[in-house]
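Enquirer: Here it is, the structure in full.
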Protein chains: 2
Amino acid sequence: MDAFRFQNPTALYYGKGQIESHLANEVLQVGKRVLLVYGGGSIKRSGLYDKVVGILKDASVTTFELSGVEPNPRLTTVHKGVDICRTENIDLILAIGGGSVLDCAKAIAMGAKYDGDVWDIYARKGKATGALPLGTILTLAATGSEMNAGGVITNWETKEKLGGGSPYTYPRFSFCDPENTYTVPRDQTIYGACDMLAHCFEHYFHRTEHTPLQQHLIEAVIKTIIENTKAAIDHPNDYHARETLMYCSTMALNGMISMGIQGDWACHAIEHEISAIYDIPHGGGLAIIFPHWMDYTKQVNPSRFASLATNVFGVNPDGKSVDELADIAIAKVRDYYREIGAPQHLADYDIGDDQLDTMASQAVRFGEIGNFKKLNKDDVYNILKASL
Amino acid sequence: MDAFRFQNPTALYYGKGQIESHLANEVLQVGKRVLLVYGGGSIKRSGLYDKVVGILKDASVTTFELSGVEPNPRLTTVHKGVDICRTENIDLILAIGGGSVLDCAKAIAMGAKYDGDVWDIYARKGKATGALPLGTILTLAATGSEMNAGGVITNWETKEKLGGGSPYTYPRFSFCDPENTYTVPRDQTIYGACDMLAHCFEHYFHRTEHTPLQQHLIEAVIKTIIENTKAAIDHPNDYHARETLMYCSTMALNGMISMGIQGDWACHAIEHEISAIYDIPHGGGLAIIFPHWMDYTKQVNPSRFASLATNVFGVNPDGKSVDELADIAIAKVRDYYREIGAPQHLADYDIGDDQLDTMASQAVRFGEIGNFKKLNKDDVYNILKASL
């Protein structure tokens, strides 16, 4: 493995009843002026908003609000939040929602402590100099934002969707109650599963040698996601399926299965370019891109794909070559996406070939992408074309 | 899974060269008066002592020393360390060694901030009220003490060996350089592997339902330990084998594979009673006890043992009953211990049956032990007798 430093300070609360028992105390340890950040009306319809506001009111906490955070959260919304934090002297940002809301809140937290436009940090023109304390209440199992320091923001003026973060943006605490995901619509449940699975794949396909434990840990998460997605889709109120997917999403991207390895992240970079133009769901884009990326890169290390076949999908390797096993693994990944109802082609989102060149150029504007296989503009173009 | 709160704040540094690059900075963030805690002369023979002292000297850090920490560290040694901390106004304790040294340092850290005898905390008569900051440099892959808050101390006056800890005793930072384990003797390497494997088993055999990810994560660590122990024993300077075992030891007991489950810990409790009387190596005692505990408890949930057979040992389940698979798993565990040269019977340490009753009584003096199966005094006696 590579030499590494790992530290993840987030206090994670899992399970039903944790918000009621511990939220007020966690908030009060930071302060009494709290900015609630959330998206549309789903947390109002589900009753979560009323519950949280009630708890904070009982604790004599003063709340301010930034609502309407978009899927693929926008820089303009981040700016609004930063303004509130500065004007109202906010002590703590409390994000209630899925990855988009949490990512927006991270950007606000950095922006409130940054002398300049927080977009600098995402555009690699500046570094975070601090962040307001951030707590989260998760309502969607997908991005792992509840226990990592990163996030993705879209700048619609420049049509850029970029990831960024800092050591300051780990949530101080995160509440993950599976019951808060019961109302997640079928499509979003599917996209969430695709997203967490993609995080596993980004780690799994690396070039670092001698990483047996990391490999087996990632396989554990992949296997568990695949075994539990259908139940959560078909039975939205199945506590254990929701809980398992939520826990997989956290573990897929909190750094615990990826210490000492350099992940790939090319598919995420490509997907961001699709979303930046077409505003499609992140998880849907990843489900489309990944199998084609696998076809395109498998010869870099077919044995890694063969391990996926044997260790995750339980394929008996007897009499099969490594290349055959690799192809079986990719076919099984496609099967999974199809079985859960994920999109398989860009055409599923009515995306044609007219912007392929722009997306390919944008994806590599900071240089080649990927680590398992370095991709240049032509490579990205080829993968996008195969994905049509 | 059970509802849980998880937080592990330790900054983990892995790999060669990390001490040289980052130790001084980590120490200086805390202070300039450091108590070095270590065991016998092994860190002097290996050159690690000179390296660390040189780095601290160059950083103008004033060092104090507590050396001679025993395997199964003793309360009397802890008291000496507490005295030094108080007298010399120590800012940071830097433990250099294996689990015993680290556990001793944790007790000292708590003791320095406790108004009374720190033994109270281990004897369940008091709670920690704080701890001095603690850093560690690990030289033995075994206990996971480098990234958890617990430790075990032996009180020879009362012949008690008890575990204890607090939220304050997570190391602030830990340096894990596999090269520092090259000089670990063969026996200690074996005992270390037995210890980390035992931590996995303690987690694996739980009664919490719906824990598929935890199960697969624990299986990942078990599999990796088993696949890599022989290489580290046979080739002590094999960087990758040493690195993998070290990483397994950290992951086996830093809480990351055991969120939301209640482990068993009966075998640890029983082993502590053996060591408290006979002062045998902890890992050796665990290797003796575990297979007999498995025989004794398998009927509680034979399918858990069957999973061990299929998912860890790769046994083909076709045509085998769950009970047969369970027995195969236990036989495979025995095979592993035998193949690596671990002890198999109490007789291997010249322990006879004359103290079985005392050990059984002591093991349950705070009540029944274990969680997978609750064990009373008779149960413990039976397991010890089977282990003769």
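Order determines the names: the first chain of the structure tokens is A, the second B, and so forth; residues in each chain are numbered 1 upward, and ligands are numbered 1 upward as they are shown.
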Give me, as an NGL selection string, the contact residues of chain B against chain A at a cut-off of 10 Å, counting only C-alpha atoms.
Expert: :B and (1-18 or 22 or 172-177 or 209-225 or 227-228 or 239-241 or 243-245 or 247-248 or 251 or 256-257 or 259-260 or 311 or 314)
Enquirer: Least-squares align chain A to chain B using all Cα atoms paired by position, then dump the moved coordinates as a CSV table (one decimal) with C-alpha atoms, in the first residue's frame.
Expert:
```csv
chain,number,residue,atom,x,y,z
A,1,MET,CA,-27.8,-3.5,13.7
A,2,ASP,CA,-28.0,-1.7,17.0
A,3,ALA,CA,-28.2,2.0,17.2
A,4,PHE,CA,-24.7,3.4,17.8
A,5,ARG,CA,-22.4,6.4,18.1
A,6,PHE,CA,-19.0,6.0,16.5
A,7,GLN,CA,-16.1,8.5,16.7
A,8,ASN,CA,-12.4,7.7,16.4
A,9,PRO,CA,-10.3,10.8,16.3
A,10,THR,CA,-6.8,9.2,16.1
A,11,ALA,CA,-4.6,10.5,13.3
A,12,LEU,CA,-3.0,7.4,11.8
A,13,TYR,CA,0.3,7.5,9.9
A,14,TYR,CA,1.2,4.3,8.0
A,15,GLY,CA,4.3,3.4,6.1
A,16,LYS,CA,8.0,3.9,6.1
A,17,GLY,CA,9.3,7.4,6.4
A,18,GLN,CA,6.3,8.8,8.2
A,19,ILE,CA,8.1,9.2,11.5
A,20,GLU,CA,10.9,11.1,9.9
A,21,SER,CA,8.5,13.4,8.0
A,22,HIS,CA,5.7,14.0,10.6
A,23,LEU,CA,6.6,13.0,14.2
A,24,ALA,CA,8.2,16.3,15.2
A,25,ASN,CA,5.3,18.4,13.9
A,26,GLU,CA,2.7,16.2,15.6
A,27,VAL,CA,4.6,16.4,18.9
A,28,LEU,CA,5.1,20.2,18.7
A,29,GLN,CA,1.4,20.7,18.2
A,30,VAL,CA,0.9,19.5,21.8
A,31,GLY,CA,4.0,20.7,23.7
A,32,LYS,CA,7.7,20.4,24.5
A,33,ARG,CA,7.7,18.2,27.5
A,34,VAL,CA,7.4,14.6,26.5
A,35,LEU,CA,7.4,11.4,28.5
A,36,LEU,CA,8.7,8.5,26.5
A,37,VAL,CA,7.2,5.2,27.6
A,38,TYR,CA,8.8,1.9,26.4
A,39,GLY,CA,9.5,-1.6,27.3
A,40,GLY,CA,12.8,-3.5,27.3
A,41,GLY,CA,15.8,-2.8,25.1
A,42,SER,CA,14.4,-3.9,21.8
A,43,ILE,CA,13.8,-0.3,20.5
A,44,LYS,CA,17.4,0.5,21.5
A,45,ARG,CA,18.8,-2.6,19.6
A,46,SER,CA,16.7,-1.8,16.5
A,47,GLY,CA,17.8,1.8,16.4
A,48,LEU,CA,14.2,3.2,16.8
A,49,TYR,CA,15.0,4.7,20.1
A,50,ASP,CA,17.9,6.7,18.8
A,51,LYS,CA,15.9,7.8,15.8
A,52,VAL,CA,13.0,9.1,17.9
A,53,VAL,CA,15.2,10.8,20.5
A,54,GLY,CA,17.2,12.4,17.7
A,55,ILE,CA,14.1,13.8,16.0
A,56,LEU,CA,12.8,15.1,19.4
A,57,LYS,CA,16.1,16.7,20.3
A,58,ASP,CA,16.3,18.4,16.9
A,59,ALA,CA,12.8,19.8,17.6
A,60,SER,CA,14.0,21.1,21.0
A,61,VAL,CA,11.7,18.8,22.9
A,62,THR,CA,12.6,17.9,26.5
A,63,THR,CA,12.2,14.2,27.1
A,64,PHE,CA,11.6,12.1,30.2
A,65,GLU,CA,11.6,8.4,30.3
A,66,LEU,CA,9.7,5.4,31.8
A,67,SER,CA,11.3,2.3,30.5
A,68,GLY,CA,10.9,-1.4,31.5
A,69,VAL,CA,7.1,-1.7,30.8
A,70,GLU,CA,6.3,-5.4,31.1
A,71,PRO,CA,4.4,-7.6,28.8
A,72,ASN,CA,1.0,-7.6,30.7
A,73,PRO,CA,1.9,-4.2,32.0
A,74,ARG,CA,1.6,-3.7,35.8
A,75,LEU,CA,-0.2,-1.2,37.9
A,76,THR,CA,3.0,-0.4,39.8
A,77,THR,CA,4.6,0.7,36.5
A,78,VAL,CA,1.6,2.8,35.7
A,79,HIS,CA,1.9,4.5,39.1
A,80,LYS,CA,5.6,5.4,38.3
A,81,GLY,CA,4.5,7.0,35.1
A,82,VAL,CA,1.7,9.0,36.7
A,83,ASP,CA,4.2,10.3,39.2
A,84,ILE,CA,6.6,11.5,36.5
A,85,CYS,CA,3.7,13.2,34.6
A,86,ARG,CA,2.7,15.1,37.7
A,87,THR,CA,6.2,16.0,38.9
A,88,GLU,CA,7.5,17.0,35.5
A,89,ASN,CA,4.5,18.7,34.1
A,90,ILE,CA,4.4,16.5,31.1
A,91,ASP,CA,2.5,17.8,27.9
A,92,LEU,CA,2.5,14.6,25.9
A,93,ILE,CA,3.1,10.9,26.5
A,94,LEU,CA,4.8,9.2,23.6
A,95,ALA,CA,4.5,5.4,23.8
A,96,ILE,CA,7.0,3.4,21.7
A,97,GLY,CA,6.3,-0.3,21.6
A,98,GLY,CA,3.6,-2.9,21.3
A,99,GLY,CA,0.2,-3.2,23.0
A,100,SER,CA,1.5,-3.6,26.5
A,101,VAL,CA,3.5,-0.3,26.3
A,102,LEU,CA,0.6,1.5,24.6
A,103,ASP,CA,-1.9,0.2,27.2
A,104,CYS,CA,0.4,1.2,30.0
A,105,ALA,CA,0.7,4.7,28.5
A,106,LYS,CA,-3.1,5.0,28.3
A,107,ALA,CA,-3.4,4.2,32.0
A,108,ILE,CA,-0.7,6.7,32.8
A,109,ALA,CA,-2.5,9.3,30.7
A,110,MET,CA,-5.8,8.8,32.5
A,111,GLY,CA,-4.0,8.5,35.9
A,112,ALA,CA,-2.3,11.9,35.5
A,113,LYS,CA,-5.8,13.5,35.2
A,114,TYR,CA,-7.5,11.4,37.8
A,115,ASP,CA,-7.9,12.4,41.5
A,116,GLY,CA,-7.3,9.0,43.1
A,117,ASP,CA,-5.7,5.6,42.1
A,118,VAL,CA,-6.2,5.0,38.4
A,119,TRP,CA,-6.9,1.3,39.2
A,120,ASP,CA,-10.4,2.5,40.2
A,121,ILE,CA,-11.2,3.0,36.5
A,122,TYR,CA,-10.2,-0.6,35.7
A,123,ALA,CA,-12.0,-2.0,38.8
A,124,ARG,CA,-15.2,-0.2,37.8
A,125,LYS,CA,-15.0,2.0,40.9
A,126,GLY,CA,-14.4,5.2,39.1
A,127,LYS,CA,-14.6,6.9,35.7
A,128,ALA,CA,-11.8,8.7,33.9
A,129,THR,CA,-12.1,12.4,34.1
A,130,GLY,CA,-9.6,13.2,31.4
A,131,ALA,CA,-6.3,12.2,30.0
A,132,LEU,CA,-3.0,13.7,29.0
A,133,PRO,CA,-2.5,13.7,25.2
A,134,LEU,CA,-1.0,10.5,24.0
A,135,GLY,CA,1.0,9.6,20.8
A,136,THR,CA,2.2,6.2,19.8
A,137,ILE,CA,4.9,4.6,17.7
A,138,LEU,CA,3.9,1.0,17.1
A,139,THR,CA,6.4,-1.9,17.0
A,140,LEU,CA,4.2,-4.9,17.2
A,141,ALA,CA,1.1,-5.8,15.2
A,142,ALA,CA,-1.4,-7.3,17.6
A,143,THR,CA,-3.7,-5.4,19.9
A,144,GLY,CA,-4.9,-2.5,17.9
A,145,SER,CA,-4.1,-0.2,20.8
A,146,GLU,CA,-2.7,2.3,18.4
A,147,MET,CA,-6.2,3.3,17.3
A,148,ASN,CA,-8.6,2.6,20.1
A,149,ALA,CA,-9.2,3.9,23.6
A,150,GLY,CA,-8.9,0.7,25.6
A,151,GLY,CA,-6.1,-1.2,27.4
A,152,VAL,CA,-5.4,-3.9,29.9
A,153,ILE,CA,-3.5,-3.6,33.1
A,154,THR,CA,-2.5,-6.2,35.6
A,155,ASN,CA,-2.6,-5.6,39.3
A,156,TRP,CA,-0.2,-8.2,40.8
A,157,GLU,CA,-1.2,-7.4,44.4
A,158,THR,CA,-4.8,-8.5,43.7
A,159,LYS,CA,-3.9,-10.9,40.9
A,160,GLU,CA,-6.4,-9.1,38.6
A,161,LYS,CA,-6.0,-8.3,34.9
A,162,LEU,CA,-8.6,-5.9,33.8
A,163,GLY,CA,-9.5,-3.9,30.7
A,164,GLY,CA,-10.4,-0.3,30.8
A,165,GLY,CA,-10.5,2.9,28.9
A,166,SER,CA,-12.3,6.2,28.3
A,167,PRO,CA,-13.3,8.5,25.5
A,168,TYR,CA,-10.1,10.5,26.4
A,169,THR,CA,-7.6,7.7,25.7
A,170,TYR,CA,-7.7,7.5,21.9
A,171,PRO,CA,-4.1,8.2,20.8
A,172,ARG,CA,-3.9,11.7,19.3
A,173,PHE,CA,-1.6,10.3,16.7
A,174,SER,CA,-0.1,6.9,15.9
A,175,PHE,CA,2.8,6.0,13.7
A,176,CYS,CA,2.8,2.5,12.2
A,177,ASP,CA,5.9,1.8,10.2
A,178,PRO,CA,6.1,-1.9,9.2
A,179,GLU,CA,9.9,-1.8,9.3
A,180,ASN,CA,9.7,-1.3,13.0
A,181,THR,CA,8.2,-4.9,13.3
A,182,TYR,CA,11.0,-6.6,11.4
A,183,THR,CA,12.8,-7.4,14.6
A,184,VAL,CA,9.7,-8.9,16.3
A,185,PRO,CA,10.6,-12.4,17.3
A,186,ARG,CA,8.9,-15.4,15.7
A,187,ASP,CA,6.8,-16.2,18.8
A,188,GLN,CA,5.6,-12.6,19.2
A,189,THR,CA,4.7,-12.5,15.6
A,190,ILE,CA,2.5,-15.6,16.0
A,191,TYR,CA,0.9,-14.3,19.2
A,192,GLY,CA,0.2,-11.0,17.5
A,193,ALA,CA,-1.6,-12.7,14.7
A,194,CYS,CA,-3.6,-14.7,17.2
A,195,ASP,CA,-4.6,-11.6,19.1
A,196,MET,CA,-5.8,-9.7,16.0
A,197,LEU,CA,-7.7,-12.7,14.8
A,198,ALA,CA,-9.3,-13.0,18.2
A,199,HIS,CA,-10.5,-9.4,18.0
A,200,CYS,CA,-12.2,-10.3,14.7
A,201,PHE,CA,-13.8,-13.4,16.3
A,202,GLU,CA,-15.0,-11.4,19.3
A,203,HIS,CA,-16.9,-9.2,16.8
A,204,TYR,CA,-18.0,-11.9,14.4
A,205,PHE,CA,-19.8,-13.9,17.0
A,206,HIS,CA,-22.5,-11.5,18.1
A,207,ARG,CA,-26.3,-11.8,18.5
A,208,THR,CA,-27.3,-8.6,16.7
A,209,GLU,CA,-29.4,-9.3,13.7
A,210,HIS,CA,-29.3,-7.7,10.2
A,211,THR,CA,-25.6,-6.9,10.1
A,212,PRO,CA,-24.5,-8.0,6.6
A,213,LEU,CA,-21.9,-5.3,6.1
A,214,GLN,CA,-20.3,-5.8,9.4
A,215,GLN,CA,-20.2,-9.5,8.7
A,216,HIS,CA,-18.5,-9.1,5.4
A,217,LEU,CA,-16.1,-6.5,6.7
A,218,ILE,CA,-15.0,-8.8,9.6
A,219,GLU,CA,-14.6,-11.7,7.1
A,220,ALA,CA,-12.4,-9.4,5.0
A,221,VAL,CA,-10.0,-8.9,8.0
A,222,ILE,CA,-10.1,-12.5,9.1
A,223,LYS,CA,-9.3,-13.7,5.5
A,224,THR,CA,-6.4,-11.3,5.2
A,225,ILE,CA,-4.9,-12.2,8.5
A,226,ILE,CA,-5.1,-15.9,7.7
A,227,GLU,CA,-3.6,-15.4,4.2
A,228,ASN,CA,-0.7,-13.3,5.4
A,229,THR,CA,0.5,-14.7,8.8
A,230,LYS,CA,2.8,-17.4,7.4
A,231,ALA,CA,4.7,-14.9,5.2
A,232,ALA,CA,5.4,-12.6,8.1
A,233,ILE,CA,6.5,-15.5,10.3
A,234,ASP,CA,8.8,-17.1,7.7
A,235,HIS,CA,10.1,-13.9,6.2
A,236,PRO,CA,10.4,-11.4,9.1
A,237,ASN,CA,11.7,-8.7,6.7
A,238,ASP,CA,8.9,-9.0,4.2
A,239,TYR,CA,7.6,-5.5,4.1
A,240,HIS,CA,4.3,-6.3,2.6
A,241,ALA,CA,3.5,-9.2,4.9
A,242,ARG,CA,4.5,-7.0,7.9
A,243,GLU,CA,2.5,-4.1,6.6
A,244,THR,CA,-0.6,-6.2,5.9
A,245,LEU,CA,-0.6,-7.8,9.4
A,246,MET,CA,0.0,-4.4,11.0
A,247,TYR,CA,-2.9,-2.9,9.1
A,248,CYS,CA,-5.1,-5.9,10.0
A,249,SER,CA,-4.3,-5.4,13.6
A,250,THR,CA,-5.3,-1.8,13.5
A,251,MET,CA,-8.6,-2.4,11.6
A,252,ALA,CA,-9.5,-5.4,13.8
A,253,LEU,CA,-10.0,-3.2,16.8
A,254,ASN,CA,-10.4,0.4,15.9
A,255,GLY,CA,-14.2,0.1,15.8
A,256,MET,CA,-14.5,0.4,12.1
A,257,ILE,CA,-15.7,-3.2,11.5
A,258,SER,CA,-17.8,-3.4,14.6
A,259,MET,CA,-20.2,-0.5,14.5
A,260,GLY,CA,-23.7,-1.4,15.6
A,261,ILE,CA,-22.9,-4.8,17.0
A,262,GLN,CA,-22.2,-6.0,20.5
A,263,GLY,CA,-19.1,-8.3,20.5
A,264,ASP,CA,-18.7,-11.3,22.7
A,265,TRP,CA,-15.4,-10.9,24.6
A,266,ALA,CA,-15.8,-14.0,26.7
A,267,CYS,CA,-12.6,-15.5,25.4
A,268,HIS,CA,-10.7,-12.4,26.3
A,269,ALA,CA,-12.1,-12.4,29.8
A,270,ILE,CA,-11.2,-16.1,30.2
A,271,GLU,CA,-7.7,-15.5,28.9
A,272,HIS,CA,-7.1,-12.6,31.2
A,273,GLU,CA,-7.7,-14.9,34.1
A,274,ILE,CA,-5.2,-17.4,32.8
A,275,SER,CA,-2.6,-14.6,32.3
A,276,ALA,CA,-3.4,-13.1,35.7
A,277,ILE,CA,-2.2,-16.2,37.3
A,278,TYR,CA,0.3,-17.7,34.9
A,279,ASP,CA,1.6,-14.6,33.0
A,280,ILE,CA,1.4,-16.3,29.6
A,281,PRO,CA,1.3,-14.4,26.4
A,282,HIS,CA,-2.1,-13.0,25.7
A,283,GLY,CA,-2.2,-14.2,22.1
A,284,GLY,CA,-1.1,-17.7,23.0
A,285,GLY,CA,-3.9,-17.9,25.6
A,286,LEU,CA,-6.5,-16.8,23.1
A,287,ALA,CA,-5.4,-19.3,20.5
A,288,ILE,CA,-5.9,-22.1,23.1
A,289,ILE,CA,-9.3,-20.9,24.3
A,290,PHE,CA,-11.0,-19.9,21.1
A,291,PRO,CA,-11.5,-23.3,19.4
A,292,HIS,CA,-12.9,-24.8,22.6
A,293,TRP,CA,-15.2,-21.8,23.1
A,294,MET,CA,-16.4,-22.4,19.5
A,295,ASP,CA,-17.1,-26.0,20.2
A,296,TYR,CA,-19.0,-25.0,23.3
A,297,THR,CA,-21.1,-22.2,21.8
A,298,LYS,CA,-21.6,-23.3,18.2
A,299,GLN,CA,-25.2,-24.4,18.7
A,300,VAL,CA,-26.2,-20.8,19.6
A,301,ASN,CA,-26.0,-20.0,15.9
A,302,PRO,CA,-24.4,-22.6,13.7
A,303,SER,CA,-25.0,-20.6,10.6
A,304,ARG,CA,-22.6,-17.9,11.7
A,305,PHE,CA,-19.9,-20.7,11.9
A,306,ALA,CA,-21.1,-21.9,8.5
A,307,SER,CA,-20.5,-18.4,7.0
A,308,LEU,CA,-17.0,-18.5,8.4
A,309,ALA,CA,-16.5,-21.8,6.5
A,310,THR,CA,-17.9,-20.6,3.2
A,311,ASN,CA,-16.9,-16.9,3.2
A,312,VAL,CA,-13.5,-17.0,4.8
A,313,PHE,CA,-12.2,-20.5,4.2
A,314,GLY,CA,-13.9,-20.9,0.8
A,315,VAL,CA,-15.5,-24.2,1.6
A,316,ASN,CA,-18.0,-25.3,-1.0
A,317,PRO,CA,-21.3,-25.7,0.9
A,318,ASP,CA,-22.9,-28.1,-1.6
A,319,GLY,CA,-24.3,-31.2,0.1
A,320,LYS,CA,-23.2,-30.1,3.6
A,321,SER,CA,-25.5,-29.3,6.5
A,322,VAL,CA,-25.1,-26.1,8.4
A,323,ASP,CA,-23.8,-28.1,11.4
A,324,GLU,CA,-21.3,-29.9,9.2
A,325,LEU,CA,-20.1,-26.5,7.8
A,326,ALA,CA,-19.8,-25.2,11.4
A,327,ASP,CA,-17.6,-28.1,12.4
A,328,ILE,CA,-15.5,-27.6,9.3
A,329,ALA,CA,-15.0,-23.9,10.2
A,330,ILE,CA,-13.8,-24.8,13.7
A,331,ALA,CA,-11.5,-27.4,12.3
A,332,LYS,CA,-10.1,-24.9,9.9
A,333,VAL,CA,-9.5,-22.4,12.7
A,334,ARG,CA,-7.6,-25.2,14.6
A,335,ASP,CA,-5.6,-25.9,11.4
A,336,TYR,CA,-4.6,-22.3,11.1
A,337,TYR,CA,-3.4,-22.1,14.7
A,338,ARG,CA,-1.4,-25.4,14.3
A,339,GLU,CA,0.1,-24.3,11.0
A,340,ILE,CA,1.4,-21.0,12.3
A,341,GLY,CA,2.8,-22.8,15.4
A,342,ALA,CA,0.4,-21.3,18.0
A,343,PRO,CA,-0.2,-23.2,21.3
A,344,GLN,CA,-3.2,-25.5,21.3
A,345,HIS,CA,-3.5,-26.6,24.9
A,346,LEU,CA,-2.9,-25.1,28.4
A,347,ALA,CA,-0.5,-28.0,28.8
A,348,ASP,CA,1.8,-26.2,26.2
A,349,TYR,CA,2.4,-23.7,29.0
A,350,ASP,CA,2.6,-26.4,31.7
A,351,ILE,CA,-0.7,-25.3,33.1
A,352,GLY,CA,-2.7,-28.1,34.8
A,353,ASP,CA,-6.1,-28.3,36.4
A,354,ASP,CA,-5.3,-27.0,39.9
A,355,GLN,CA,-6.5,-23.4,39.3
A,356,LEU,CA,-9.4,-24.0,37.0
A,357,ASP,CA,-11.9,-23.2,39.7
A,358,THR,CA,-10.2,-20.0,40.7
A,359,MET,CA,-10.0,-18.8,37.1
A,360,ALA,CA,-13.6,-19.6,36.4
A,361,SER,CA,-14.8,-17.8,39.5
A,362,GLN,CA,-12.7,-14.8,38.8
A,363,ALA,CA,-13.8,-14.6,35.2
A,364,VAL,CA,-17.4,-14.1,36.2
A,365,ARG,CA,-16.9,-12.0,39.3
A,366,PHE,CA,-18.7,-9.0,37.6
A,367,GLY,CA,-21.4,-11.3,36.3
A,368,GLU,CA,-21.9,-13.7,33.4
A,369,ILE,CA,-19.5,-13.0,30.5
A,370,GLY,CA,-20.0,-13.2,26.8
A,371,ASN,CA,-22.7,-12.0,24.5
A,372,PHE,CA,-23.0,-14.6,21.7
A,373,LYS,CA,-23.6,-17.0,24.6
A,374,LYS,CA,-23.8,-15.9,28.2
A,375,LEU,CA,-21.3,-17.9,30.2
A,376,ASN,CA,-21.6,-18.6,33.9
A,377,LYS,CA,-18.9,-20.1,36.1
A,378,ASP,CA,-19.6,-23.7,35.1
A,379,ASP,CA,-19.5,-22.8,31.5
A,380,VAL,CA,-16.1,-21.1,31.9
A,381,TYR,CA,-14.9,-24.1,33.9
A,382,ASN,CA,-15.9,-26.5,31.2
A,383,ILE,CA,-14.2,-24.4,28.5
A,384,LEU,CA,-11.0,-24.3,30.5
A,385,LYS,CA,-11.1,-28.0,31.2
A,386,ALA,CA,-11.6,-28.7,27.5
A,387,SER,CA,-8.5,-26.5,26.9
A,388,LEU,CA,-6.2,-28.5,29.2
```
Enquirer: I need the residues of region 80-293 of chain A that end up classed as alpha helix (DSSP H) by DSSP on the backbone, written out as a PyMOL selection string.
Expert: chain A and resi 80-88+99-111+119-122+186-204+212-234+239-252+266-278+282-293
Enquirer: As number ranges by chain, please: every residue in region 2-31 of chain A that a backbone DSSP assignment puts in strand (DSSP E or B).
Expert: A: 4-14
